[in-house]
Each structure stands twice: as C-alpha cells, then as structure tokens.
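Undergrad: Quick one: this structure, given as structure tokens, is what I'll be asking you about.
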Amino acid sequence: MDLARITQQIRFIIEADKLKEIFRQTICTQSRRAENDAEHSWHLALLVVILAEHSNTPGIDLLRVLKMVTIHDLVEIDAGDTFAYDTAGMADQHEREAVAADRIFGMLPAPQNAEYRALWDEFEARETPEAKFAAAVDRFQPMLLNCLTEGAAWKKHGITSDRVIARNKHIAEGSATLWAYAEKMLADAIAAGHLA
C-alpha cells in the first residue's frame, strides 16, 4: 500500500465534504430549504446517467461527464457560490474559481491532480461533447427546481424570462432535446405566473 498516496486522496475527500456547507439560491422541492452544492452535484450525476441518451453526441464518454459534474463545483469551497444572475459576482468568478481549483485539485497526488484540474478546465471551456452535455445538465437542473418551486429563486431575485433564456440557451449545445424541454417548462412557468 502506498500510504502517502492514499493519505493525500483521503485528505481531498475530507476537503470535498465541505461542499455540503455551500448553499445555493435554488431550493429543494419538498422542504423548500436552500439546496447545497453536494446535493446539486449528486442531482447532476443522476441527470447525466438518466438523460445521457439525449446528448447531441451519441456515445459520449459517460464516466468523463460524471467526473466533471461531480467535481466542477468543488471550487466553491473557496470561491463560494456565485448566483447565476449576479453579474457583479460573475466579473471575477472564473479567476476566484481558478485559484480554488489550483489549491483543491492540487491536494490530490500526481497524476490525479493534473487529471482533475484538466477536467475542471474542460468543463469551464465547454468545447468537447462531454463538457457541453455536462454544462447542459448543470444549467437544466436549477431551471427544473425553479419550475417545481413556483419560480422561488427567480421571484426572490426579480429574474425575468429573457434573462433565464439568455443564461441557459446554451443547453442546446449539449442537448437540443433538453433545451426543447426547458423551453416548454419556461412557457408553462410564464403562463402560471411563476416567471415574469
């Protein structure tokens, strides 16, 4: 057994547990409490497994997508959660998160540290079919929760449908099917008065 290697990996896993303490603006459908980042990441993993057939690219590397959605928010342990419609917070979001990525993924032993940092960068760039699909489910999930909670986070922050569409239309780059479904959800939310 390589004690030093497994010790580094366990330290990383312990650090990742902090993700449970980072709360998002979206709320859970039953309790109506704020969703935490770990719950969000789990939900994304479930979406990936269940909805992979709707990727624009048949035969995507599912394990690669799962790794991306599992680790992409770990940077929020240091950088905090930036609300999707907080334009001021987004101004330096990537820089804050990149510094966090260096520290957090740097906790892993080589070559895992480089692999996971590269996966985070791939997700951020949204250029590969896997990253496009991972980003699609990452944008779809909060929309789904907002629709299921009568637009709670949208209403709280005064978010309008044009902003929701502008922020999320790139879902179509990863899954045209998911975007078509999202458009229907938005139309229903608007008709119900849950989204202005």
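Letters for chains follow the order of the structure tokens (A, B, ...), residue numbers begin at 1 for each chain, and ligand numbers begin at 1 in the order shown.
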Contacts of Cys28 in chain A at 12 Å or less, counting only C-alpha atoms, minus same-chain residues fewer than 3 places along, as number ranges by chain?
TA: A: 23-25, 31-37, 39-40, 43, 141-142, 144-153
Undergrad: Could I get the residues of range 116-149 of chain A with an atom no further than 12 Å from an atom of range 55-64 of chain A, each paired with its nearest atom pair and that distance in Å to one decimal, using only C-alpha atoms, sorted by chain and residue number, as a Markdown table?
TA:
```
| residue | atom | partner | partner_atom | distance |
| --- | --- | --- | --- | --- |
| A:Tyr116 | CA | A:Arg64 | CA | 10.3 |
| A:Ala118 | CA | A:Arg64 | CA | 11.2 |
| A:Leu119 | CA | A:Arg64 | CA | 8.0 |
| A:Trp120 | CA | A:Arg64 | CA | 10.8 |
| A:Glu122 | CA | A:Arg64 | CA | 10.2 |
| A:Phe123 | CA | A:Arg64 | CA | 10.1 |
| A:Thr128 | CA | A:Ile60 | CA | 9.7 |
| A:Pro129 | CA | A:Thr57 | CA | 6.3 |
| A:Glu130 | CA | A:Ile60 | CA | 6.1 |
| A:Ala131 | CA | A:Arg64 | CA | 8.7 |
| A:Lys132 | CA | A:Ser55 | CA | 8.8 |
| A:Phe133 | CA | A:Ser55 | CA | 6.1 |
| A:Ala134 | CA | A:Arg64 | CA | 9.2 |
| A:Ala135 | CA | A:Ser55 | CA | 11.2 |
| A:Ala136 | CA | A:Ser55 | CA | 9.0 |
| A:Val137 | CA | A:Ser55 | CA | 9.9 |
```
Undergrad: What gap, in Å, lies between CA of Arg126 in chain A and CA of Glu173 in chain A?
TA: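 A separation of 9.0 Å between them.
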Undergrad: Suppose you want the space between CA of Phe140 in chain A and CA of Ile171 in chain A; what is it in Å?
TA: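 For CA of Phe140 in chain A relative to CA of Ile171 in chain A, the distance reads 7.1 Å.
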Undergrad: Pull the helix (DSSP H, G or I) assignments for range 24-65 of chain A out of DSSP run on the backbone, and list those residues as an NGL selection string.
TA: :A and (37-54 or 62-65)
Undergrad: From the options A:Ala125, A:Ile13, A:Ala182, A:Ala100, which residue's atoms come nearest to Arg139 in chain A, counting only C-alpha atoms?
TA: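 Result for the nearest residue to Arg139 in chain A: A:Ala182.
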Undergrad: I'd like the neighbourhood of range 89-96 of chain A as a PDB file with all heavy atoms, in the first residue's frame, where a residue qualifies if any of its atoms comes within 8 Å (using only C-alpha atoms), though same-chain residues fewer than 5 positions away should be ignored.
TA:
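Saved as around.pdb:
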```pdb
ATOM      1  N   ALA A  79     -14.269  29.616  -3.301  1.00  0.00           N
ATOM      2  CA  ALA A  79     -14.766  30.781  -4.036  1.00  0.00           C
ATOM      3  C   ALA A  79     -16.202  31.149  -3.698  1.00  0.00           C
ATOM      4  O   ALA A  79     -16.665  32.231  -4.047  1.00  0.00           O
ATOM      5  CB  ALA A  79     -14.637  30.531  -5.542  1.00  0.00           C
ATOM      6  N   THR A  82     -21.580  31.567  -6.686  1.00  0.00           N
ATOM      7  CA  THR A  82     -21.963  32.809  -7.345  1.00  0.00           C
ATOM      8  C   THR A  82     -23.322  32.587  -7.985  1.00  0.00           C
ATOM      9  O   THR A  82     -23.464  31.711  -8.842  1.00  0.00           O
ATOM     10  CB  THR A  82     -20.927  33.211  -8.424  1.00  0.00           C
ATOM     11  OG1 THR A  82     -19.644  33.327  -7.811  1.00  0.00           O
ATOM     12  CG2 THR A  82     -21.298  34.538  -9.069  1.00  0.00           C
ATOM     13  N   PHE A  83     -24.317  33.345  -7.565  1.00  0.00           N
ATOM     14  CA  PHE A  83     -25.664  33.204  -8.109  1.00  0.00           C
ATOM     15  C   PHE A  83     -25.619  33.425  -9.617  1.00  0.00           C
ATOM     16  O   PHE A  83     -24.936  34.320 -10.118  1.00  0.00           O
ATOM     17  CB  PHE A  83     -26.608  34.194  -7.433  1.00  0.00           C
ATOM     18  CG  PHE A  83     -28.027  34.128  -7.901  1.00  0.00           C
ATOM     19  CD1 PHE A  83     -28.710  32.922  -7.966  1.00  0.00           C
ATOM     20  CD2 PHE A  83     -28.693  35.281  -8.277  1.00  0.00           C
ATOM     21  CE1 PHE A  83     -30.034  32.867  -8.392  1.00  0.00           C
ATOM     22  CE2 PHE A  83     -30.017  35.240  -8.702  1.00  0.00           C
ATOM     23  CZ  PHE A  83     -30.685  34.033  -8.763  1.00  0.00           C
TER      24      PHE A  83
END
```
